[in-house]
Amino acid sequence: MKRLIALFILAAQSVFAANFLDADRIDLKALLPAPPAPDSPVTRAELDVVLQLQAGRTPAQAARCQLIEREDVFFFGSEVLGSWFNAANLPQTAAFFAKVRTDFLPINRAAKAVWPRRRPSYVDAHILPCVEVSDNGAYPSGHGIQSALWAALLSKLYPAQAASFQQRAGETRRFKLLSGVHYPSDLEAGRVVGEAIARELLKIPAVQESLNELRVETRSHQPQ
């Protein structure tokens, strides 16, 4: 029986083990301040920003919000690099970013647990998001984290497009705000966490080795 329990524990650890980066490598409390209090003037001002954007939101912008809501690294990256940047062409790239996402998820959950901030539409009934929203924590923004992380890593693979990746991450943040599911400070906090994750990942030899392999993979597909 003890042997079975030990095997179960080892199996569980292997399932939840990080690919590159353990969640506890990111000191969230040192990295971020607490979000503004729910009844603070800052939160009211942020809600007013969301309401103003909602008032001017067009159908085309709402459709773009839906696309951003579902974006993956290839949708994100192809808008900078072109349609050749896709999982079918770049299976090693797809596998690498899948591992990165697996490491991102527990950090995202941990951050939202530290600061359980309700989303704007659960605070002000006048806010009507144009994407599906759950009452699962607004701060920091998961899309904000993820897009900043993608931008940093893709900039290492394609340094000539680094500024464009940063602009594209900014677009993710802008449309998440426009969609009505985040406060501005959620998105800025997401950027800070995403960039911190990228800095830690880039210190890891296995990540550097993977990036070198991905550079080789892209050579046969990247336009000359």
# chains A, B, ... in the order shown; residues from 1 in each chain; ligands from 1

call {"tool": "residues_around", "arguments": {"residues": "A:Ala162", "least_positions_apart": "2", "cutoff": "12 Å", "atoms": "only C-alpha atoms", "output": "mmCIF file with C-alpha atoms, in the first residue's frame"}}
result
data_model
loop_
_atom_site.group_PDB
_atom_site.id
_atom_site.type_symbol
_atom_site.label_atom_id
_atom_site.label_comp_id
_atom_site.auth_asym_id
_atom_site.auth_seq_id
_atom_site.Cartn_x
_atom_site.Cartn_y
_atom_site.Cartn_z
ATOM 1 C CA GLY A 77 2.524 36.233 -33.957
ATOM 2 C CA VAL A 80 3.309 40.587 -37.097
ATOM 3 C CA LEU A 81 5.177 37.943 -39.092
ATOM 4 C CA ALA A 148 3.609 40.368 -22.757
ATOM 5 C CA TRP A 150 4.701 36.093 -25.994
ATOM 6 C CA ALA A 151 6.022 39.458 -27.127
ATOM 7 C CA ALA A 152 9.212 39.064 -25.077
ATOM 8 C CA LEU A 153 9.941 35.523 -26.255
ATOM 9 C CA LEU A 154 9.054 36.147 -29.897
ATOM 10 C CA SER A 155 11.294 39.230 -29.812
ATOM 11 C CA LYS A 156 14.197 36.932 -28.975
ATOM 12 C CA LEU A 157 13.369 34.749 -31.973
ATOM 13 C CA TYR A 158 12.684 37.636 -34.352
ATOM 14 C CA PRO A 159 14.559 40.659 -32.984
ATOM 15 C CA ALA A 160 13.882 42.812 -36.062
ATOM 16 C CA SER A 164 5.967 45.277 -33.510
ATOM 17 C CA PHE A 165 5.490 42.478 -30.982
ATOM 18 C CA GLN A 166 5.333 45.047 -28.192
ATOM 19 C CA GLN A 167 2.740 47.020 -30.135
ATOM 20 C CA ARG A 168 0.738 43.837 -30.713
ATOM 21 C CA ALA A 169 0.789 43.051 -26.976
#

call {"tool": "residues_around", "arguments": {"residues": "stretch 44-50 of chain A", "least_positions_apart": "4", "cutoff": "7 Å", "atoms": "only C-alpha atoms", "output": "number ranges by chain"}}
result
A: 40, 54, 120, 177-178, 180, 183-184

call {"tool": "atom_distance", "arguments": {"atom1": "atom CA of A:Gln146", "atom2": "atom CA of A:Asp72"}}
result
9.2 Å

call {"tool": "residues_around", "arguments": {"residues": "A:Ile204", "least_positions_apart": "5", "cutoff": "9 Å", "atoms": "only C-alpha atoms", "output": "list in words"}}
result
Phe20, Leu21 and Glu209 of chain A

call {"tool": "write_last_selection", "arguments": {"atoms": "N, CA and C atoms", "output": "PDB file, in the first residue's frame"}}
result
ATOM      1  N   PHE A  20       9.623  24.487 -17.421  1.00  0.00           N
ATOM      2  CA  PHE A  20      10.821  25.315 -17.312  1.00  0.00           C
ATOM      3  C   PHE A  20      10.881  26.099 -15.999  1.00  0.00           C
ATOM      4  N   LEU A  21       9.734  26.642 -15.589  1.00  0.00           N
ATOM      5  CA  LEU A  21       9.723  27.641 -14.522  1.00  0.00           C
ATOM      6  C   LEU A  21       8.689  27.295 -13.456  1.00  0.00           C
ATOM      7  N   GLU A 209      18.361  26.990 -25.110  1.00  0.00           N
ATOM      8  CA  GLU A 209      18.597  25.896 -26.056  1.00  0.00           C
ATOM      9  C   GLU A 209      17.384  25.704 -26.966  1.00  0.00           C
TER      10      GLU A 209
END
